[in-house]
Each structure stands twice: as C-alpha cells, then as structure tokens.
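Novice: This is the structure I have questions about; it appears just below.
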2 protein chains.
Amino acid sequence: MGRTSDAGEKILSAAHSLIELRGYAALGVAEICRTAGVPKGSFYYFFASKEALALAVIDQEWAARQHVWARVLNGSGAPLYRLRELFEHAQAAQQAGQLTCGTISGCIFGNLALEMSNQTEVFRDRLQEIFEAQVDMVEAVVVEALTRGEVTVTDTREAARSVVAQLEGQVLFAKLYNNASQLDPLWANCLALLGARPPQREPAGA
Amino acid sequence: MGRTSDAGEKILSAAHSLIELRGYAALGVAEICRTAGVPKGSFYYFFASKEALALAVIDQEWAARQHVWARVLNGSGAPLYRLRELFEHAQAAQQAGQLTCGTISGCIFGNLALEMSNQTEVFRDRLQEIFEAQVDMVEAVVVEALTRGEVTVTDTREAARSVVAQLEGQVLFAKLYNNASQLDPLWANCLALLGARPPQREPAGA
C-alpha cells in the first residue's frame, strides 16, 4: 500500500500545482501523471476522472485555507483587527506563491469559479459552498463588530459578501499585475464597506 | 473579397462567443472554425494564431465596452449617478448574456485575466491596458465628485481601482451563482469605497 498510496498523493500534489498555475481545461491526465512522475495507467486507480481529481484538489486547498481563516477569525483580538490579519495572510500567501512560481497565481477558487462554474455544475456547487463558508466566517466577525458598535452596516450578510468580493477583485489585480501590493488597500476598503472608522491605533487587549 | 472577409468575421464572432463561454485554453482552432462554419484551412489566412485571434476578440469587446463606458461616464448627470448608471449597464449586460446563453459568462477581461495573465505576457499586457483605461475613466468621475465635495477619498487612483475591483469581484459571484442580482450592492459599495453618502434622491438636474 505504501508505494501505491504515495503515487496518489503525488498525483494530487502535481494537479494542485498545475491547476493553480494554469487552470483546469489546459491540463490533461497524461501531463499531470508525467509531472507527478507516476505511470499514466495508475491514475484511474486513484481518481475516477480528471474532474474528480480537481474536486479533490479544491477540497484539499479549502481544508488548509479554512484552517487558517478559522484560526485568524476566531481569534481573541478585536473583530476589525482579525479581518486585517486575514488580509495580511492573503497577501503573504500570494507573495509566497510568487516566490515559488515566479508569478502570482491568485486564488484557486476564484480562478476556477471564472473558468468552470458556468460549465460544470459540480464545480459550481462545490465553489458556491466554499464561498458561502467564507462569507459565513466573515459575517460572524461583522456581527461581532456590530454588537460592539464598531461598524454601521445593516445587512451583515451582504456586507460580508462584499468584503469577500473585494478580496477576489483585488486578488485578480494582484495576479494581473503580478504584484501583491495590489492587496494593500484591502483593510481600508473593508472598513469602508462595513461603515467602520479606521482605528487610530490597535487598542490595548485587542 | 466579399465571401473571404465574411469568413474572417465569422471566425471572430464564433471565437468571441466561445471564449466568453468557455475561456481560452479549452478551445482549438478546429472547433472555432466548425462553429463559424468556415473551412479550417482558411483560418490562417485571417489570423496568425489562436492567440492573435483571442487578442482580436479582446480588442473588439473593449472597443464596444469602452464606447458604453465613455457615453455613460462622460454624461452630464451628477458624477455619482453616472457611476450608478455604469453598474446598471453592467448588470443589464450580464442579464442579457444569461438570456442568450442560459448562464452568466461574467466579464471576458476578468475571465482571461485569471485564466491567462500569468501564462502569456501578451495577454497580461493587453488586459493591464484595458483595466488601466477602466480605472482612468472611473477616476475622472471620482475627481469630479471630489471637486464637488461629494466624496471624501484622498487617493482617487486607488479608490477608482477599488471600485473596479469590487465590480470584478461581484461579477465573479454573479457568474458563480448564475444570478445577476449579485450585482445589486455595487452602487452602495461604490459610495462606501469613495466615502460618499448615499444620496436620498436624485437631485434636480443630476
């Protein structure tokens, strides 16, 4: 089982890198297996199809990112500062990707949403679930900030969705310009979208 | 020349529809020619490559959209209401596309920016030019609103870029949910990002 299961992980890892860099349609099973260094014949032992593999990649990426989002957004600091930390993580992740690949790959969920959501219902459904979960997590923080009187929005769901949309839009620019500093305005924009005032300094105990 | 030039336009038109719906990598010259109803052999008489054809599609789409943006944003109404009209146009365009294709295709520039800008410099350059031009046009309106004391932003360039980013992010959601009402919050979000107050009603002469 050792070597076999290792091959499955190699396929998943190669597909993750390739899909992040080049999208879904551009790839074939043969190229993924070649990159993974496993015989093409073994592919279907692990995955029913290229589509099933891409869904496994999406799930793996979301499991990792959800872990970071939960740690940051469920933290003990003031709600607005937790959102700032989330954007700092997003920016650092894009910078790290740029160092590895030479070019910013953007958000794999946003990339696949624009490439595939109108063509394949199973991608549309999975990506909707992921973005709903992101909006859920941001909304919980917005509700907390509202309770503390730190923001003035009335529709917390719509506000959270707009914050995530702004993140995706600025990540698009970061990818287009291959420059993670495009993400600099995220926190200020988030504060504006939530009807918050930029705090002068981080409060003690925040 | 009549029939020949007609074939070139058919190829361009078919490529426009196909790229909008399915992206760039998924398409081959053979499929484009089949959809256009022209012999594959005639393709290279009109276009040097699939890449050259995609650039022609991008230019054609931008020429049309720039015309609309200029008409709306150079209009005589109050600056903030011209921005509202721009978002109404964007929403109507997505709704019209949905009626035609059954599914929202999003923004061809945003789609290609996420699919191709990190892979092909010529796409990156052309799409950067287009988004810079969009930011230019929005910024001119923001500057005008600032002169009139209707917004409070200090960096008009960054504010305009954030407005365009918000548009792209919400279009991503409209495509993902196949629902143009995802674009409903655009104007309110734009006002928030610009530090404007939502006007109670359209002023006389606006």
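Every chain in the structure tokens takes a letter, A first, then B, and so on in the order presented; its residues are numbered from 1, and the ligands are numbered from 1 following the presented order.
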Please give chain A as an mmCIF file with C-alpha atoms, in the first residue's frame, after it has been superposed on chain B by least squares over all Cα atoms paired in order.
Specialist:
data_model
loop_
_atom_site.group_PDB
_atom_site.id
_atom_site.type_symbol
_atom_site.label_atom_id
_atom_site.label_comp_id
_atom_site.auth_asym_id
_atom_site.auth_seq_id
_atom_site.Cartn_x
_atom_site.Cartn_y
_atom_site.Cartn_z
ATOM 1 C CA MET A 1 -13.143 39.824 -51.126
ATOM 2 C CA GLY A 2 -16.797 39.716 -49.993
ATOM 3 C CA ARG A 3 -17.032 36.043 -49.037
ATOM 4 C CA THR A 4 -13.487 35.884 -47.730
ATOM 5 C CA SER A 5 -13.826 38.856 -45.417
ATOM 6 C CA ASP A 6 -17.148 37.441 -44.242
ATOM 7 C CA ALA A 7 -15.345 34.258 -43.173
ATOM 8 C CA GLY A 8 -12.912 36.305 -41.085
ATOM 9 C CA GLU A 9 -15.785 37.983 -39.303
ATOM 10 C CA LYS A 10 -17.485 34.634 -38.729
ATOM 11 C CA ILE A 11 -14.311 33.281 -37.123
ATOM 12 C CA LEU A 12 -14.020 36.363 -34.914
ATOM 13 C CA SER A 13 -17.666 36.173 -33.881
ATOM 14 C CA ALA A 14 -17.540 32.439 -33.126
ATOM 15 C CA ALA A 15 -14.345 32.877 -31.119
ATOM 16 C CA HIS A 16 -15.904 35.748 -29.176
ATOM 17 C CA SER A 17 -18.860 33.600 -28.092
ATOM 18 C CA LEU A 18 -16.749 30.535 -27.357
ATOM 19 C CA ILE A 19 -14.060 32.371 -25.359
ATOM 20 C CA GLU A 20 -16.688 34.224 -23.368
ATOM 21 C CA LEU A 21 -18.412 30.959 -22.509
ATOM 22 C CA ARG A 22 -15.507 28.545 -22.093
ATOM 23 C CA GLY A 23 -12.277 30.486 -21.818
ATOM 24 C CA TYR A 24 -9.157 30.311 -23.952
ATOM 25 C CA ALA A 25 -7.326 27.065 -23.217
ATOM 26 C CA ALA A 26 -10.370 24.855 -23.744
ATOM 27 C CA LEU A 27 -10.693 25.898 -27.393
ATOM 28 C CA GLY A 28 -8.937 24.737 -30.514
ATOM 29 C CA VAL A 29 -8.791 26.311 -33.939
ATOM 30 C CA ALA A 30 -10.730 23.379 -35.421
ATOM 31 C CA GLU A 31 -13.675 23.885 -33.064
ATOM 32 C CA ILE A 32 -13.730 27.630 -33.653
ATOM 33 C CA CYS A 33 -13.819 27.103 -37.430
ATOM 34 C CA ARG A 34 -16.501 24.418 -37.110
ATOM 35 C CA THR A 35 -18.649 26.795 -35.032
ATOM 36 C CA ALA A 36 -18.002 29.595 -37.513
ATOM 37 C CA GLY A 37 -18.923 27.299 -40.402
ATOM 38 C CA VAL A 38 -15.710 28.039 -42.294
ATOM 39 C CA PRO A 39 -13.051 25.585 -43.513
ATOM 40 C CA LYS A 40 -10.200 25.162 -41.066
ATOM 41 C CA GLY A 41 -7.751 25.810 -43.880
ATOM 42 C CA SER A 42 -8.913 29.406 -44.164
ATOM 43 C CA PHE A 43 -8.161 30.266 -40.518
ATOM 44 C CA TYR A 44 -4.537 31.279 -41.014
ATOM 45 C CA TYR A 45 -5.475 33.514 -43.905
ATOM 46 C CA PHE A 46 -7.149 35.777 -41.330
ATOM 47 C CA PHE A 47 -5.283 35.173 -38.083
ATOM 48 C CA ALA A 48 -1.655 34.307 -37.425
ATOM 49 C CA SER A 49 -2.559 32.131 -34.451
ATOM 50 C CA LYS A 50 -5.229 31.329 -31.890
ATOM 51 C CA GLU A 51 -3.500 33.871 -29.653
ATOM 52 C CA ALA A 52 -3.803 36.584 -32.310
ATOM 53 C CA LEU A 53 -7.484 35.730 -32.696
ATOM 54 C CA ALA A 54 -8.049 35.982 -28.929
ATOM 55 C CA LEU A 55 -6.366 39.402 -28.909
ATOM 56 C CA ALA A 56 -8.693 40.505 -31.717
ATOM 57 C CA VAL A 57 -11.653 39.289 -29.629
ATOM 58 C CA ILE A 58 -10.382 41.247 -26.617
ATOM 59 C CA ASP A 59 -9.916 44.385 -28.721
ATOM 60 C CA GLN A 60 -13.363 44.071 -30.265
ATOM 61 C CA GLU A 61 -15.021 43.621 -26.877
ATOM 62 C CA TRP A 62 -13.131 46.527 -25.336
ATOM 63 C CA ALA A 63 -13.967 48.836 -28.266
ATOM 64 C CA ALA A 64 -17.653 48.106 -27.678
ATOM 65 C CA ARG A 65 -17.511 48.354 -23.905
ATOM 66 C CA GLN A 66 -15.324 51.457 -23.889
ATOM 67 C CA HIS A 67 -17.936 53.140 -26.072
ATOM 68 C CA VAL A 68 -20.644 52.425 -23.470
ATOM 69 C CA TRP A 69 -18.414 53.425 -20.540
ATOM 70 C CA ALA A 70 -17.484 56.698 -22.241
ATOM 71 C CA ARG A 71 -21.088 57.546 -23.043
ATOM 72 C CA VAL A 72 -22.232 56.840 -19.490
ATOM 73 C CA LEU A 73 -19.275 58.280 -17.570
ATOM 74 C CA ASN A 74 -18.897 61.411 -19.707
ATOM 75 C CA GLY A 75 -22.605 62.149 -19.382
ATOM 76 C CA SER A 76 -24.003 65.345 -17.942
ATOM 77 C CA GLY A 77 -25.571 63.947 -14.744
ATOM 78 C CA ALA A 78 -24.040 64.197 -11.278
ATOM 79 C CA PRO A 79 -20.838 62.090 -11.091
ATOM 80 C CA LEU A 80 -22.133 59.566 -8.543
ATOM 81 C CA TYR A 81 -25.247 58.956 -10.625
ATOM 82 C CA ARG A 82 -23.112 58.278 -13.683
ATOM 83 C CA LEU A 83 -21.338 55.571 -11.715
ATOM 84 C CA ARG A 84 -24.701 54.138 -10.739
ATOM 85 C CA GLU A 85 -25.679 54.037 -14.412
ATOM 86 C CA LEU A 86 -22.436 52.215 -15.205
ATOM 87 C CA PHE A 87 -23.296 49.474 -12.720
ATOM 88 C CA GLU A 88 -26.826 49.252 -14.072
ATOM 89 C CA HIS A 89 -25.356 48.715 -17.542
ATOM 90 C CA ALA A 90 -23.020 46.027 -16.219
ATOM 91 C CA GLN A 91 -25.941 44.250 -14.562
ATOM 92 C CA ALA A 92 -28.140 44.519 -17.660
ATOM 93 C CA ALA A 93 -25.306 43.125 -19.806
ATOM 94 C CA GLN A 94 -24.947 40.083 -17.547
ATOM 95 C CA GLN A 95 -28.713 39.545 -17.581
ATOM 96 C CA ALA A 96 -28.805 39.787 -21.377
ATOM 97 C CA GLY A 97 -25.951 37.287 -21.641
ATOM 98 C CA GLN A 98 -27.794 34.925 -19.332
ATOM 99 C CA LEU A 99 -30.898 35.110 -21.524
ATOM 100 C CA THR A 100 -28.819 34.288 -24.609
ATOM 101 C CA CYS A 101 -26.553 31.567 -23.180
ATOM 102 C CA GLY A 102 -28.625 30.246 -20.271
ATOM 103 C CA THR A 103 -25.780 31.055 -17.935
ATOM 104 C CA ILE A 104 -23.899 34.175 -16.881
ATOM 105 C CA SER A 105 -20.477 34.304 -18.527
ATOM 106 C CA GLY A 106 -19.037 37.132 -16.444
ATOM 107 C CA CYS A 107 -16.531 39.670 -17.722
ATOM 108 C CA ILE A 108 -14.343 38.379 -20.538
ATOM 109 C CA PHE A 109 -11.449 40.577 -19.326
ATOM 110 C CA GLY A 110 -11.705 39.270 -15.765
ATOM 111 C CA ASN A 111 -12.073 35.693 -17.018
ATOM 112 C CA LEU A 112 -8.969 35.945 -19.190
ATOM 113 C CA ALA A 113 -7.010 37.847 -16.529
ATOM 114 C CA LEU A 114 -7.451 34.936 -14.128
ATOM 115 C CA GLU A 115 -7.034 32.236 -16.759
ATOM 116 C CA MET A 116 -4.136 33.589 -18.816
ATOM 117 C CA SER A 117 -2.392 36.681 -17.428
ATOM 118 C CA ASN A 118 0.207 34.664 -15.513
ATOM 119 C CA GLN A 119 0.951 32.474 -18.535
ATOM 120 C CA THR A 120 1.138 34.735 -21.568
ATOM 121 C CA GLU A 121 2.716 38.178 -21.402
ATOM 122 C CA VAL A 122 0.852 39.468 -24.428
ATOM 123 C CA PHE A 123 -2.475 38.794 -22.666
ATOM 124 C CA ARG A 124 -1.163 40.282 -19.438
ATOM 125 C CA ASP A 125 -0.093 43.478 -21.223
ATOM 126 C CA ARG A 126 -3.318 43.919 -23.167
ATOM 127 C CA LEU A 127 -5.551 43.241 -20.172
ATOM 128 C CA GLN A 128 -3.502 45.591 -17.995
ATOM 129 C CA GLU A 129 -4.043 48.333 -20.581
ATOM 130 C CA ILE A 130 -7.782 47.697 -20.560
ATOM 131 C CA PHE A 131 -8.090 47.711 -16.772
ATOM 132 C CA GLU A 132 -5.907 50.841 -16.561
ATOM 133 C CA ALA A 133 -8.257 52.506 -19.055
ATOM 134 C CA GLN A 134 -11.246 51.463 -16.931
ATOM 135 C CA VAL A 135 -9.598 52.849 -13.801
ATOM 136 C CA ASP A 136 -8.761 56.077 -15.716
ATOM 137 C CA MET A 137 -12.404 56.521 -16.661
ATOM 138 C CA VAL A 138 -13.719 55.853 -13.164
ATOM 139 C CA GLU A 139 -11.037 58.047 -11.626
ATOM 140 C CA ALA A 140 -12.042 61.019 -13.786
ATOM 141 C CA VAL A 141 -15.552 60.763 -12.328
ATOM 142 C CA VAL A 142 -14.217 60.375 -8.791
ATOM 143 C CA VAL A 143 -12.054 63.493 -9.228
ATOM 144 C CA GLU A 144 -15.123 65.388 -10.418
ATOM 145 C CA ALA A 145 -17.130 64.188 -7.409
ATOM 146 C CA LEU A 146 -14.258 65.203 -5.134
ATOM 147 C CA THR A 147 -14.183 68.695 -6.645
ATOM 148 C CA ARG A 148 -17.901 68.965 -5.912
ATOM 149 C CA GLY A 149 -17.292 67.832 -2.325
ATOM 150 C CA GLU A 150 -19.430 64.718 -2.799
ATOM 151 C CA VAL A 151 -16.780 62.176 -1.828
ATOM 152 C CA THR A 152 -14.025 62.188 0.761
ATOM 153 C CA VAL A 153 -11.310 59.927 -0.670
ATOM 154 C CA THR A 154 -7.751 61.174 -0.692
ATOM 155 C CA ASP A 155 -6.179 58.775 -3.212
ATOM 156 C CA THR A 156 -8.524 58.969 -6.202
ATOM 157 C CA ARG A 157 -6.490 56.433 -8.222
ATOM 158 C CA GLU A 158 -6.593 53.782 -5.532
ATOM 159 C CA ALA A 159 -10.271 54.482 -4.915
ATOM 160 C CA ALA A 160 -11.102 54.069 -8.602
ATOM 161 C CA ARG A 161 -9.132 50.837 -8.730
ATOM 162 C CA SER A 162 -11.023 49.522 -5.706
ATOM 163 C CA VAL A 163 -14.330 50.352 -7.382
ATOM 164 C CA VAL A 164 -13.306 48.357 -10.468
ATOM 165 C CA ALA A 165 -12.045 45.523 -8.226
ATOM 166 C CA GLN A 166 -15.396 45.442 -6.437
ATOM 167 C CA LEU A 167 -17.122 45.246 -9.820
ATOM 168 C CA GLU A 168 -14.944 42.299 -10.887
ATOM 169 C CA GLY A 169 -15.411 40.549 -7.554
ATOM 170 C CA GLN A 170 -19.193 40.848 -7.648
ATOM 171 C CA VAL A 171 -19.273 39.751 -11.304
ATOM 172 C CA LEU A 172 -17.396 36.644 -10.146
ATOM 173 C CA PHE A 173 -20.230 35.981 -7.697
ATOM 174 C CA ALA A 174 -22.863 36.694 -10.374
ATOM 175 C CA LYS A 175 -21.216 34.062 -12.572
ATOM 176 C CA LEU A 176 -20.731 31.573 -9.739
ATOM 177 C CA TYR A 177 -24.384 31.837 -8.635
ATOM 178 C CA ASN A 178 -25.677 32.430 -12.167
ATOM 179 C CA ASN A 179 -27.570 35.350 -10.721
ATOM 180 C CA ALA A 180 -27.198 38.960 -11.830
ATOM 181 C CA SER A 181 -28.788 40.245 -8.613
ATOM 182 C CA GLN A 182 -25.386 39.620 -7.021
ATOM 183 C CA LEU A 183 -24.583 42.985 -8.632
ATOM 184 C CA ASP A 184 -27.288 44.824 -6.668
ATOM 185 C CA PRO A 185 -24.907 46.156 -3.971
ATOM 186 C CA LEU A 186 -22.446 47.679 -6.462
ATOM 187 C CA TRP A 187 -23.537 51.289 -6.193
ATOM 188 C CA ALA A 188 -23.898 51.304 -2.413
ATOM 189 C CA ASN A 189 -20.483 49.668 -2.134
ATOM 190 C CA CYS A 190 -19.011 52.198 -4.547
ATOM 191 C CA LEU A 191 -20.381 55.038 -2.419
ATOM 192 C CA ALA A 192 -18.873 53.416 0.679
ATOM 193 C CA LEU A 193 -15.487 52.945 -1.003
ATOM 194 C CA LEU A 194 -15.487 56.591 -2.104
ATOM 195 C CA GLY A 195 -16.513 57.894 1.282
ATOM 196 C CA ALA A 196 -19.750 59.290 -0.150
ATOM 197 C CA ARG A 197 -23.158 59.377 1.435
ATOM 198 C CA PRO A 198 -25.956 57.614 -0.458
ATOM 199 C CA PRO A 199 -27.953 60.575 -1.839
ATOM 200 C CA GLN A 200 -31.555 60.584 -0.663
ATOM 201 C CA ARG A 201 -32.873 61.291 -4.111
ATOM 202 C CA GLU A 202 -31.551 62.203 -7.512
ATOM 203 C CA PRO A 203 -31.014 65.958 -7.453
ATOM 204 C CA ALA A 204 -32.819 68.102 -10.021
ATOM 205 C CA GLY A 205 -30.643 68.537 -13.074
ATOM 206 C CA ALA A 206 -28.458 65.600 -12.090
#
Novice: Residues of region 60-198 of chain B classed as helix (DSSP H, G or I) by DSSP on the backbone are to be reported as a PyMOL selection string.
Specialist: chain B and resi 60-73+79-101+108-116+121-147+156-176+180-183+186-193
Novice: Write the residues you've just listed into a file as an mmCIF file, in the first residue's frame, and include C-alpha atoms for each of them.
Specialist:
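Just written: out_3.cif:
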data_model
loop_
_atom_site.group_PDB
_atom_site.id
_atom_site.type_symbol
_atom_site.label_atom_id
_atom_site.label_comp_id
_atom_site.auth_asym_id
_atom_site.auth_seq_id
_atom_site.Cartn_x
_atom_site.Cartn_y
_atom_site.Cartn_z
ATOM 1 C CA GLN B 60 -13.339 44.074 -30.288
ATOM 2 C CA GLU B 61 -15.007 43.628 -26.887
ATOM 3 C CA TRP B 62 -13.114 46.528 -25.355
ATOM 4 C CA ALA B 63 -13.941 48.838 -28.275
ATOM 5 C CA ALA B 64 -17.638 48.127 -27.703
ATOM 6 C CA ARG B 65 -17.495 48.368 -23.919
ATOM 7 C CA GLN B 66 -15.301 51.477 -23.907
ATOM 8 C CA HIS B 67 -17.911 53.146 -26.083
ATOM 9 C CA VAL B 68 -20.620 52.444 -23.484
ATOM 10 C CA TRP B 69 -18.402 53.436 -20.557
ATOM 11 C CA ALA B 70 -17.463 56.720 -22.252
ATOM 12 C CA ARG B 71 -21.057 57.576 -23.065
ATOM 13 C CA VAL B 72 -22.210 56.866 -19.511
ATOM 14 C CA LEU B 73 -19.261 58.298 -17.593
ATOM 15 C CA PRO B 79 -20.827 62.121 -11.082
ATOM 16 C CA LEU B 80 -22.129 59.592 -8.550
ATOM 17 C CA TYR B 81 -25.248 58.976 -10.622
ATOM 18 C CA ARG B 82 -23.107 58.305 -13.685
ATOM 19 C CA LEU B 83 -21.322 55.589 -11.720
ATOM 20 C CA ARG B 84 -24.696 54.144 -10.753
ATOM 21 C CA GLU B 85 -25.663 54.060 -14.411
ATOM 22 C CA LEU B 86 -22.421 52.239 -15.212
ATOM 23 C CA PHE B 87 -23.289 49.482 -12.730
ATOM 24 C CA GLU B 88 -26.832 49.276 -14.079
ATOM 25 C CA HIS B 89 -25.343 48.745 -17.545
ATOM 26 C CA ALA B 90 -23.017 46.036 -16.225
ATOM 27 C CA GLN B 91 -25.938 44.264 -14.577
ATOM 28 C CA ALA B 92 -28.135 44.535 -17.670
ATOM 29 C CA ALA B 93 -25.300 43.141 -19.823
ATOM 30 C CA GLN B 94 -24.951 40.087 -17.553
ATOM 31 C CA GLN B 95 -28.719 39.563 -17.589
ATOM 32 C CA ALA B 96 -28.794 39.814 -21.387
ATOM 33 C CA GLY B 97 -25.935 37.302 -21.656
ATOM 34 C CA GLN B 98 -27.799 34.939 -19.351
ATOM 35 C CA LEU B 99 -30.895 35.137 -21.537
ATOM 36 C CA THR B 100 -28.810 34.316 -24.614
ATOM 37 C CA CYS B 101 -26.548 31.591 -23.189
ATOM 38 C CA ILE B 108 -14.342 38.384 -20.547
ATOM 39 C CA PHE B 109 -11.456 40.587 -19.324
ATOM 40 C CA GLY B 110 -11.699 39.273 -15.765
ATOM 41 C CA ASN B 111 -12.084 35.699 -17.014
ATOM 42 C CA LEU B 112 -8.969 35.943 -19.188
ATOM 43 C CA ALA B 113 -7.008 37.848 -16.521
ATOM 44 C CA LEU B 114 -7.466 34.930 -14.121
ATOM 45 C CA GLU B 115 -7.042 32.241 -16.757
ATOM 46 C CA MET B 116 -4.139 33.587 -18.809
ATOM 47 C CA GLU B 121 2.725 38.172 -21.410
ATOM 48 C CA VAL B 122 0.849 39.474 -24.419
ATOM 49 C CA PHE B 123 -2.465 38.795 -22.661
ATOM 50 C CA ARG B 124 -1.154 40.274 -19.439
ATOM 51 C CA ASP B 125 -0.088 43.478 -21.208
ATOM 52 C CA ARG B 126 -3.303 43.920 -23.165
ATOM 53 C CA LEU B 127 -5.543 43.240 -20.171
ATOM 54 C CA GLN B 128 -3.498 45.588 -17.984
ATOM 55 C CA GLU B 129 -4.025 48.333 -20.571
ATOM 56 C CA ILE B 130 -7.764 47.704 -20.555
ATOM 57 C CA PHE B 131 -8.089 47.716 -16.773
ATOM 58 C CA GLU B 132 -5.895 50.843 -16.557
ATOM 59 C CA ALA B 133 -8.232 52.506 -19.048
ATOM 60 C CA GLN B 134 -11.234 51.478 -16.932
ATOM 61 C CA VAL B 135 -9.592 52.861 -13.805
ATOM 62 C CA ASP B 136 -8.752 56.085 -15.711
ATOM 63 C CA MET B 137 -12.385 56.533 -16.668
ATOM 64 C CA VAL B 138 -13.712 55.855 -13.172
ATOM 65 C CA GLU B 139 -11.031 58.053 -11.618
ATOM 66 C CA ALA B 140 -12.036 61.029 -13.781
ATOM 67 C CA VAL B 141 -15.536 60.783 -12.338
ATOM 68 C CA VAL B 142 -14.208 60.392 -8.795
ATOM 69 C CA VAL B 143 -12.054 63.508 -9.228
ATOM 70 C CA GLU B 144 -15.105 65.397 -10.424
ATOM 71 C CA ALA B 145 -17.119 64.201 -7.411
ATOM 72 C CA LEU B 146 -14.250 65.220 -5.138
ATOM 73 C CA THR B 147 -14.182 68.708 -6.644
ATOM 74 C CA THR B 156 -8.519 58.982 -6.203
ATOM 75 C CA ARG B 157 -6.482 56.448 -8.212
ATOM 76 C CA GLU B 158 -6.598 53.789 -5.535
ATOM 77 C CA ALA B 159 -10.276 54.489 -4.902
ATOM 78 C CA ALA B 160 -11.100 54.083 -8.599
ATOM 79 C CA ARG B 161 -9.124 50.846 -8.726
ATOM 80 C CA SER B 162 -11.023 49.534 -5.703
ATOM 81 C CA VAL B 163 -14.334 50.358 -7.381
ATOM 82 C CA VAL B 164 -13.298 48.370 -10.468
ATOM 83 C CA ALA B 165 -12.040 45.532 -8.236
ATOM 84 C CA GLN B 166 -15.393 45.451 -6.429
ATOM 85 C CA LEU B 167 -17.124 45.260 -9.815
ATOM 86 C CA GLU B 168 -14.952 42.313 -10.892
ATOM 87 C CA GLY B 169 -15.424 40.553 -7.555
ATOM 88 C CA GLN B 170 -19.205 40.862 -7.650
ATOM 89 C CA VAL B 171 -19.274 39.763 -11.303
ATOM 90 C CA LEU B 172 -17.401 36.659 -10.142
ATOM 91 C CA PHE B 173 -20.247 35.991 -7.692
ATOM 92 C CA ALA B 174 -22.867 36.712 -10.370
ATOM 93 C CA LYS B 175 -21.221 34.085 -12.566
ATOM 94 C CA LEU B 176 -20.753 31.587 -9.741
ATOM 95 C CA ALA B 180 -27.209 38.979 -11.841
ATOM 96 C CA SER B 181 -28.803 40.250 -8.623
ATOM 97 C CA GLN B 182 -25.387 39.634 -7.033
ATOM 98 C CA LEU B 183 -24.592 42.999 -8.643
ATOM 99 C CA LEU B 186 -22.446 47.696 -6.465
ATOM 100 C CA TRP B 187 -23.537 51.298 -6.206
ATOM 101 C CA ALA B 188 -23.897 51.327 -2.425
ATOM 102 C CA ASN B 189 -20.470 49.683 -2.145
ATOM 103 C CA CYS B 190 -19.009 52.208 -4.560
ATOM 104 C CA LEU B 191 -20.390 55.051 -2.428
ATOM 105 C CA ALA B 192 -18.873 53.426 0.679
ATOM 106 C CA LEU B 193 -15.482 52.966 -1.008
#
